[in-house]
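Asks: One structure, pasted below without further comment.
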Amino acid sequence: DHILDLCERRNVEFQIMPQERGHHAGLDGPMCLLETPENKWYAYCEGQETGQLISDRKVVSILHKRYARMRSQALSFEESVSLLREIQGAL
């Protein structure tokens, strides 16, 4: 219910990665892509014992490409919301 409520906001986009995809671009773990007011890009990756702020432009570019690939592999926003509503109705 909470996620569906968040999806009503105009600044929130939610996508579900189906388990059937098996291998996808997000399996290496979480990442945050950050843009400064000066339009400089950084990435932040975190593991169980480490956190790393990345400023190397080549690495940040690779992570941007992974993020784009991951979004293309996931369900669309509309498909994701529809699936959540389907699951909600089954509960």
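By order in the structure tokens, chains are A, B, ...; within a chain, residues start at 1; ligands start at 1, following the order shown.
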Might you pull out every residue within 9 Å of range 70-85 of chain A, with only C-alpha atoms counted and same-chain residues fewer than 2 positions away left off, and present them as a VMD selection string?
Replies: chain A and resid 1 3 to 4 7 13 to 18 21 24 to 26 65 to 68 87 to 90
Asks: Could the residues in this selection be saved with C-alpha atoms as a CSV table (one decimal), in the first residue's frame?
Replies:
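Result saved to selection-v9.csv:
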chain,number,residue,atom,x,y,z
A,1,ASP,CA,0.0,0.0,0.0
A,3,ILE,CA,4.7,1.9,-2.4
A,4,LEU,CA,1.5,2.4,-4.3
A,7,CYS,CA,3.7,6.0,-6.9
A,13,GLU,CA,9.0,6.4,-10.5
A,14,PHE,CA,9.0,2.8,-9.4
A,15,GLN,CA,10.1,-0.2,-11.4
A,16,ILE,CA,10.1,-3.9,-10.6
A,17,MET,CA,12.7,-6.3,-11.8
A,18,PRO,CA,11.0,-9.6,-12.5
A,21,ARG,CA,15.1,-12.0,-15.7
A,24,HIS,CA,20.4,-8.4,-14.8
A,25,ALA,CA,22.6,-5.3,-14.6
A,26,GLY,CA,21.8,-4.6,-10.9
A,65,LYS,CA,25.2,2.7,-18.5
A,66,ARG,CA,24.4,-0.1,-16.0
A,67,TYR,CA,21.6,1.9,-14.5
A,68,ALA,CA,20.1,2.6,-18.0
A,87,ILE,CA,-0.6,-8.5,-5.7
A,88,GLN,CA,-2.5,-6.1,-3.4
A,89,GLY,CA,-5.8,-7.6,-4.7
A,90,ALA,CA,-4.6,-11.1,-4.1
Asks: Any chance you could list, as a PyMOL selection string, the residues in chain A that come up helix (DSSP H, G or I) when DSSP is run on the backbone?
Replies: chain A and resi 2-7+19-21+57-73+77-90
Asks: Store the residues picked out above, limited to C-alpha atoms, as an mmCIF file, in the first residue's frame.
Replies:
data_model
loop_
_atom_site.group_PDB
_atom_site.id
_atom_site.type_symbol
_atom_site.label_atom_id
_atom_site.label_comp_id
_atom_site.auth_asym_id
_atom_site.auth_seq_id
_atom_site.Cartn_x
_atom_site.Cartn_y
_atom_site.Cartn_z
ATOM 1 C CA HIS A 2 2.791 2.396 0.926
ATOM 2 C CA ILE A 3 4.656 1.903 -2.355
ATOM 3 C CA LEU A 4 1.452 2.440 -4.341
ATOM 4 C CA ASP A 5 0.847 5.640 -2.368
ATOM 5 C CA LEU A 6 4.363 6.811 -3.230
ATOM 6 C CA CYS A 7 3.750 6.033 -6.917
ATOM 7 C CA GLN A 19 12.732 -12.625 -10.946
ATOM 8 C CA GLU A 20 12.436 -14.398 -14.309
ATOM 9 C CA ARG A 21 15.101 -12.045 -15.674
ATOM 10 C CA ARG A 57 34.445 9.885 -14.888
ATOM 11 C CA LYS A 58 34.987 6.575 -16.678
ATOM 12 C CA VAL A 59 33.688 4.532 -13.746
ATOM 13 C CA VAL A 60 30.727 6.874 -13.227
ATOM 14 C CA SER A 61 29.932 6.544 -16.948
ATOM 15 C CA ILE A 62 29.986 2.740 -16.684
ATOM 16 C CA LEU A 63 27.591 2.899 -13.721
ATOM 17 C CA HIS A 64 25.265 5.220 -15.647
ATOM 18 C CA LYS A 65 25.192 2.669 -18.466
ATOM 19 C CA ARG A 66 24.441 -0.135 -16.008
ATOM 20 C CA TYR A 67 21.623 1.908 -14.511
ATOM 21 C CA ALA A 68 20.145 2.559 -17.952
ATOM 22 C CA ARG A 69 20.405 -1.123 -18.805
ATOM 23 C CA MET A 70 18.790 -2.104 -15.518
ATOM 24 C CA ARG A 71 15.868 0.257 -16.167
ATOM 25 C CA SER A 72 15.404 -1.217 -19.635
ATOM 26 C CA GLN A 73 15.386 -4.743 -18.177
ATOM 27 C CA PHE A 77 6.401 2.132 -14.345
ATOM 28 C CA GLU A 78 2.876 1.341 -15.528
ATOM 29 C CA GLU A 79 3.533 -2.420 -15.603
ATOM 30 C CA SER A 80 5.101 -2.262 -12.139
ATOM 31 C CA VAL A 81 2.145 -0.375 -10.641
ATOM 32 C CA SER A 82 -0.243 -2.814 -12.315
ATOM 33 C CA LEU A 83 1.639 -5.776 -10.827
ATOM 34 C CA LEU A 84 1.591 -4.182 -7.362
ATOM 35 C CA ARG A 85 -2.178 -3.660 -7.630
ATOM 36 C CA GLU A 86 -2.592 -7.266 -8.741
ATOM 37 C CA ILE A 87 -0.589 -8.480 -5.745
ATOM 38 C CA GLN A 88 -2.511 -6.129 -3.440
ATOM 39 C CA GLY A 89 -5.812 -7.555 -4.692
ATOM 40 C CA ALA A 90 -4.612 -11.105 -4.051
#
Asks: Can you check which residues of chain A DSSP gives as strand (DSSP E or B) on the backbone and send them as a VMD selection string?
Replies: chain A and resid 31 to 35 41 to 46 51 to 54
Asks: What is the CA of Ser55 in chain A-CA of Ala43 in chain A distance in Å, reported with one decimal?
Replies: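 One can read the CA of Ser55 in chain A to CA of Ala43 in chain A distance as 6.8 Å.
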Asks: So, counting only C-alpha atoms, which residue among A:Met31, A:Asn11, A:Leu91, A:Asp56 is closest to Tyr44 in chain A?
Replies: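 Counting only C-alpha atoms, the residue closest to Tyr44 in chain A is A:Met31.
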Asks: CA of Leu33 in chain A and CA of Val12 in chain A are how many Å apart?
Replies: 15.8 Å
Asks: As a ChimeraX atom specification, please: the residues near Gln48 in chain A (cut-off 12 Å, only C-alpha atoms, same-chain neighbours under 3 positions excluded).
Replies: /A:29-30,45,51-52
Asks: Put those residues in a file: N, CA and C atoms, as an mmCIF file, in the first residue's frame.
Replies:
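Once written, again-v2.cif looks like this:
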data_model
loop_
_atom_site.group_PDB
_atom_site.id
_atom_site.type_symbol
_atom_site.label_atom_id
_atom_site.label_comp_id
_atom_site.auth_asym_id
_atom_site.auth_seq_id
_atom_site.Cartn_x
_atom_site.Cartn_y
_atom_site.Cartn_z
ATOM 1 N N GLY A 29 25.056 -5.068 -6.913
ATOM 2 C CA GLY A 29 24.760 -4.361 -5.677
ATOM 3 C C GLY A 29 24.228 -2.958 -5.916
ATOM 4 N N PRO A 30 23.856 -2.308 -4.815
ATOM 5 C CA PRO A 30 23.239 -0.990 -4.924
ATOM 6 C C PRO A 30 24.234 0.097 -5.317
ATOM 7 N N CYS A 45 28.745 3.682 -4.003
ATOM 8 C CA CYS A 45 28.441 2.253 -3.915
ATOM 9 C C CYS A 45 28.753 1.799 -2.498
ATOM 10 N N GLY A 51 32.036 1.488 1.863
ATOM 11 C CA GLY A 51 31.282 2.487 1.128
ATOM 12 C C GLY A 51 32.291 3.248 0.292
ATOM 13 N N GLN A 52 31.930 3.589 -0.924
ATOM 14 C CA GLN A 52 32.906 4.204 -1.806
ATOM 15 C C GLN A 52 32.253 5.317 -2.616
#
Asks: Give me, please, the distance in Å between CA of Cys32 in chain A and CA of Gly47 in chain A, quoted to one decimal.
Replies: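 A separation of 12.3 Å between them.
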